[in-house]
Each structure stands twice: as C-alpha cells, then as structure tokens.
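Asks: As input, take target-v4.csv (CSV, C-alpha atoms):
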```csv
chain,number,residue,atom,x,y,z
C,1,MET,CA,-16.4,-9.3,21.9
C,2,GLN,CA,-13.9,-11.9,20.8
C,3,ASN,CA,-10.8,-11.0,18.7
C,4,SER,CA,-11.8,-12.2,15.3
C,5,GLY,CA,-8.6,-11.3,13.5
C,6,ILE,CA,-8.7,-7.7,14.6
C,7,LYS,CA,-5.2,-6.3,14.2
C,8,PRO,CA,-4.9,-3.1,16.3
C,9,LEU,CA,-3.9,-0.1,14.2
C,10,GLY,CA,-0.9,0.4,16.5
C,11,LEU,CA,0.5,-2.9,15.1
C,12,LYS,CA,-0.1,-1.7,11.6
C,13,LEU,CA,1.7,1.6,12.3
C,14,ASN,CA,4.6,-0.3,13.8
C,15,GLN,CA,4.9,-2.2,10.5
C,16,PHE,CA,5.2,1.1,8.6
C,17,LYS,CA,7.9,2.2,11.0
C,18,LYS,CA,9.7,-1.2,10.8
C,19,ASN,CA,9.7,-1.1,7.0
C,20,SER,CA,10.9,2.6,7.0
C,21,THR,CA,7.9,3.6,4.9
C,22,TRP,CA,8.3,7.3,5.8
C,23,THR,CA,10.2,9.7,7.8
C,24,LEU,CA,9.0,12.9,9.5
C,25,VAL,CA,10.4,16.0,8.0
C,26,ASP,CA,9.6,19.7,7.7
C,27,LEU,CA,7.6,20.4,4.5
C,28,PRO,CA,9.9,22.0,1.9
C,29,LYS,CA,8.8,25.4,0.4
C,30,GLY,CA,6.6,24.9,-2.6
C,31,ALA,CA,5.8,21.3,-1.8
C,32,LYS,CA,2.2,20.3,-1.1
C,33,PRO,CA,1.5,17.2,1.0
C,34,ILE,CA,-1.1,14.7,-0.1
C,35,GLY,CA,-3.6,13.4,2.4
C,36,CYS,CA,-4.3,9.8,3.6
C,37,LYS,CA,-7.1,7.8,5.1
C,38,TRP,CA,-7.8,4.4,6.6
C,39,ILE,CA,-10.0,2.0,4.6
C,40,PHE,CA,-11.7,-0.6,6.8
C,41,LYS,CA,-13.1,-3.9,5.4
C,42,LYS,CA,-14.6,-7.0,6.7
C,43,LYS,CA,-13.5,-10.4,5.3
C,44,TYR,CA,-16.1,-13.1,5.4
C,45,HIS,CA,-16.0,-16.9,5.5
C,46,PRO,CA,-17.9,-18.8,2.8
C,47,ASP,CA,-20.8,-19.2,5.2
C,48,GLY,CA,-21.2,-15.5,5.6
C,49,SER,CA,-19.7,-15.2,9.1
C,50,ILE,CA,-17.0,-12.6,9.6
C,51,ASP,CA,-13.5,-14.0,9.3
C,52,LYS,CA,-11.5,-10.9,10.1
C,53,TYR,CA,-11.4,-7.1,9.9
C,54,LYS,CA,-8.8,-5.4,7.7
C,55,ALA,CA,-7.4,-1.9,7.8
C,56,ARG,CA,-5.4,-0.4,5.0
C,57,LEU,CA,-3.7,3.0,4.9
C,58,VAL,CA,-4.4,4.7,1.6
C,59,ALA,CA,-2.7,7.8,0.2
C,60,LYS,CA,-5.0,10.2,-1.6
C,61,GLY,CA,-3.2,9.8,-4.8
C,62,PHE,CA,-6.0,11.5,-6.8
C,63,THR,CA,-4.5,14.8,-5.6
C,64,GLN,CA,-1.1,14.1,-7.2
C,65,LYS,CA,-0.2,16.3,-10.2
C,66,PRO,CA,1.2,14.7,-13.4
C,67,ASN,CA,4.8,15.6,-14.1
C,68,ILE,CA,5.2,17.0,-10.6
C,69,ASP,CA,4.3,14.2,-8.2
C,70,TYR,CA,4.6,11.4,-10.7
C,71,PHE,CA,5.8,10.9,-14.2
C,72,ASP,CA,4.4,7.5,-15.2
C,73,THR,CA,1.5,5.4,-14.1
C,74,PHE,CA,1.6,1.6,-14.1
C,75,ALA,CA,-1.0,-1.2,-14.4
C,76,PRO,CA,0.9,-4.5,-14.6
C,77,VAL,CA,-1.4,-7.2,-16.1
C,78,THR,CA,-0.9,-10.5,-17.7
C,79,ARG,CA,-2.6,-11.6,-20.9
C,80,ILE,CA,-4.7,-14.7,-20.5
C,81,SER,CA,-2.9,-16.2,-23.6
C,82,SER,CA,0.4,-16.0,-21.7
C,83,ILE,CA,-1.1,-17.8,-18.7
C,84,ARG,CA,-2.5,-20.5,-21.0
C,85,VAL,CA,1.0,-21.1,-22.6
C,86,LEU,CA,2.6,-21.4,-19.2
C,87,LEU,CA,-0.1,-23.9,-18.1
C,88,ALA,CA,0.3,-25.9,-21.3
C,89,LEU,CA,4.1,-26.1,-20.9
C,90,ALA,CA,3.7,-27.2,-17.3
C,91,ALA,CA,1.2,-29.9,-18.2
C,92,THR,CA,3.4,-31.1,-21.1
C,93,HIS,CA,6.5,-31.3,-18.9
C,94,LYS,CA,4.5,-32.6,-15.9
C,95,LEU,CA,5.6,-29.7,-13.7
C,96,VAL,CA,3.9,-28.8,-10.5
C,97,ILE,CA,2.3,-25.3,-10.3
C,98,HIS,CA,2.1,-23.3,-7.2
C,99,GLN,CA,0.1,-20.1,-6.6
C,100,MET,CA,1.3,-17.4,-4.2
C,101,ASP,CA,0.0,-14.1,-3.0
C,102,VAL,CA,2.4,-11.4,-1.9
C,103,LYS,CA,0.4,-9.5,0.7
C,104,THR,CA,2.6,-6.4,0.9
C,105,ASP,CA,3.6,-6.3,-2.8
C,106,PHE,CA,2.6,-2.7,-3.2
C,107,LEU,CA,4.2,-1.6,0.0
C,108,ASN,CA,7.8,-2.5,-0.7
C,109,GLY,CA,8.5,-0.4,-3.7
C,110,GLU,CA,11.1,2.3,-3.4
C,111,LEU,CA,9.9,5.8,-4.5
C,112,GLU,CA,12.0,7.8,-6.9
C,113,GLU,CA,9.9,11.0,-6.5
C,114,GLU,CA,9.7,13.1,-3.4
C,115,ILE,CA,6.2,12.7,-2.0
C,116,TYR,CA,5.0,14.3,1.2
C,117,MET,CA,2.0,13.1,3.1
C,118,THR,CA,0.1,14.6,6.0
C,119,GLN,CA,0.4,12.8,9.3
C,120,LEU,CA,-2.5,10.4,10.1
C,121,LYS,CA,-5.3,12.1,12.0
C,122,GLY,CA,-5.3,10.7,15.5
C,123,CYS,CA,-1.7,9.5,15.2
C,124,VAL,CA,0.2,12.8,15.0
C,125,VAL,CA,3.6,12.5,16.7
C,126,HIS,CA,3.6,14.7,19.9
C,127,GLY,CA,6.0,17.6,19.6
C,128,GLN,CA,6.2,17.2,15.8
C,129,GLU,CA,2.7,18.3,14.8
C,130,ASN,CA,3.9,20.6,12.0
C,131,LYS,CA,6.0,17.9,10.3
C,132,VAL,CA,4.9,15.8,7.4
C,133,CYS,CA,5.7,12.2,6.3
C,134,LYS,CA,8.3,12.0,3.5
C,135,LEU,CA,7.4,8.8,1.8
C,136,LEU,CA,10.3,6.5,1.2
C,137,LYS,CA,8.2,3.5,0.1
C,138,SER,CA,5.0,3.1,-1.8
C,139,LEU,CA,1.5,3.2,-0.3
C,140,TYR,CA,-1.8,2.1,-1.7
C,141,GLY,CA,-3.4,4.9,-3.7
C,142,LEU,CA,-0.3,6.6,-5.1
C,143,LYS,CA,-0.2,6.8,-8.9
C,144,GLN,CA,3.2,5.2,-9.1
C,145,THR,CA,2.6,2.4,-6.6
C,146,PRO,CA,2.1,-0.5,-9.1
C,147,LYS,CA,5.6,0.2,-10.5
```
Could you write out this structure as structure tokens?
Replies:
Amino acid sequence: MQNSGIKPLGLKLNQFKKNSTWTLVDLPKGAKPIGCKWIFKKKYHPDGSIDKYKARLVAKGFTQKPNIDYFDTFAPVTRISSIRVLLALAATHKLVIHQMDVKTDFLNGELEEEIYMTQLKGCVVHGQENKVCKLLKSLYGLKQTPK
C-alpha cells in the first residue's frame, strides 16, 4: 500500500510533546480524569479518490462538569453582515483579500483550569502507568477549547 498522506500516530504524539500539550503527573485527590479517543477520517479528492488519512486526538469533554472543570463555553462566530462590510471596504479601496486556515488553532490555547486526562490506550508510558496527563494546552473536545 502506498503512503497516501498517512501520518503515523507516533509523529502526531511527538507534536503533542513538542508543543508541551500535557505533562504526566499523579492524579490529585478529588480530581477525576477525563478520557480521550482518536478520531480517524479520510479526506477525498474531488474525483472521489482518497487524498489522505487524518487522525485527531479528542478529549471526552462531555464528561466535564460545569463550574468545576470549566466556567465558560465559547463559540466564536462571525456575522455574515460583518463579512459583507469587510468585503465591500476591500472592493472600494481596491485591497487584495487573502484567506488562511490555521490548522492547529484549537491546539495552541493555554488552559486556565486544571484538567487531567487519562493516558492514551496503547500509548501508556512504561513505568508511569498510574499517572495521568495534566493538560497545559487545549485539545479538541474540551468545553473551553474555542476560547
């Protein structure tokens, strides 16, 4: 099988380590860790052929308790009227518009709350099986990630 954009999970895990997404710690008394899971998707070309395979680590944020694990939820959206005003101003002033996509936008946010997550099944650090991941940065699935 040819490598069609398959990124080994080891590389993805190295990214988490490089970005200091979490640190392994003992679970404090009274704290409950949330779980996590991998979400796998196929990305397709317009002709229907497979472009690449994607893997995303997602925290099981639905188990977070309000006012304990998080205090606010966020859903940043832009009103279409605001976009139209910006486009009209750009057209009026003959400005060039560029679009960009920040691929790891959710994964760079610093967390204010203390959130603990179980280690990934199949990726438990040898000799530290009883430790949990103390999240330092946001992961997909957390209630406060869009902040």
Asks: At a cut-off of 12 Å from (-14.6, 1.0, 7.5) in the coordinates of the file, what residues are picked up using all atoms listed in the file, written as a PyMOL selection string?
Replies: chain C and resi 37-43+53-57
Asks: Take the residues that were just selected and, keeping C-alpha atoms, output them as a PDB file, in the frame of the given file.
Replies:
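As written to disk, result_4.pdb reads:
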```pdb
ATOM      1  CA  LYS C  37      -7.100   7.800   5.100  1.00  0.00           C
ATOM      2  CA  TRP C  38      -7.800   4.400   6.600  1.00  0.00           C
ATOM      3  CA  ILE C  39     -10.000   2.000   4.600  1.00  0.00           C
ATOM      4  CA  PHE C  40     -11.700  -0.600   6.800  1.00  0.00           C
ATOM      5  CA  LYS C  41     -13.100  -3.900   5.400  1.00  0.00           C
ATOM      6  CA  LYS C  42     -14.600  -7.000   6.700  1.00  0.00           C
ATOM      7  CA  LYS C  43     -13.500 -10.400   5.300  1.00  0.00           C
ATOM      8  CA  TYR C  53     -11.400  -7.100   9.900  1.00  0.00           C
ATOM      9  CA  LYS C  54      -8.800  -5.400   7.700  1.00  0.00           C
ATOM     10  CA  ALA C  55      -7.400  -1.900   7.800  1.00  0.00           C
ATOM     11  CA  ARG C  56      -5.400  -0.400   5.000  1.00  0.00           C
ATOM     12  CA  LEU C  57      -3.700   3.000   4.900  1.00  0.00           C
TER      13      LEU C  57
END
```
Asks: Expressed in Å to a single decimal, how great is the separation between atom CA of C:Trp22 and atom CA of C:Lys65?
Replies: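 Going from atom CA of C:Trp22 over to atom CA of C:Lys65, I get 20.2 Å.
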Asks: List the neighbours of C:Ala59 out to 6 Å using all atoms listed in the file; skip same-chain residues closer than 2 positions along the sequence, and give me the result as a PyMOL selection string.
Replies: chain C and resi 36+61+141-142
Asks: Could you check which of C:Val58, C:Leu135, C:Ala88, C:Cys123 is closest to C:Asn14, using all atoms listed in the file?
Replies: C:Cys123
Asks: So the first atom is atom CA of C:Tyr44 and the second is atom CA of C:Lys12; what is the distance between them in Å, to one decimal place?
Replies: 20.6 Å
Asks: Determine, counting all atoms listed in the file, which protein, DNA and RNA residues have an atom within 9 Å of an atom of C:Lys32; residues of the same chain fewer than 2 positions away are not included. Present the result as a PyMOL selection string.
Replies: chain C and resi 27-30+34+115-117
Asks: Could you check which of C:Leu95, C:Val125, C:Leu136, C:Ile50 is closest to C:Glu113, using all atoms listed in the file?
Replies: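 Of all the options, C:Leu136 lies closest to C:Glu113.
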Asks: From the set C:Ser81, C:Gln99, C:Gln128, C:Gln144, which residue has the shortest atom-to-atom contact distance to C:Val25, counting only C-alpha atoms?
Replies: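 Smallest distance to C:Val25 is found for C:Gln128.
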Asks: Using all atoms of stretch 108-117 of chain C that appear in the file, construct an axis-aligned enclosing box with 6 Å of padding on every side and provide its centre coordinates and edge lengths in Å, rounded to one decimal, as lines of an AutoDock Vina configuration file.
Replies:
```
center_x = 7.0
center_y = 5.9
center_z = -1.9
size_x = 22.0
size_y = 28.8
size_z = 22.0
```
Asks: Which residue, C:Gln64, C:Ser82, C:Ser138, C:Gln119, has the smallest gap to C:Ala31 when you use all atoms listed in the file?
Replies: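 Answer, going by the shortest atom-to-atom distance: C:Gln64.
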Asks: When you count all atoms listed in the file, which of these residues is closest to C:Lys137: C:Asp26, C:Phe16, C:Leu86, C:Val124?
Replies: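 The answer is C:Phe16, which sits nearest to C:Lys137.
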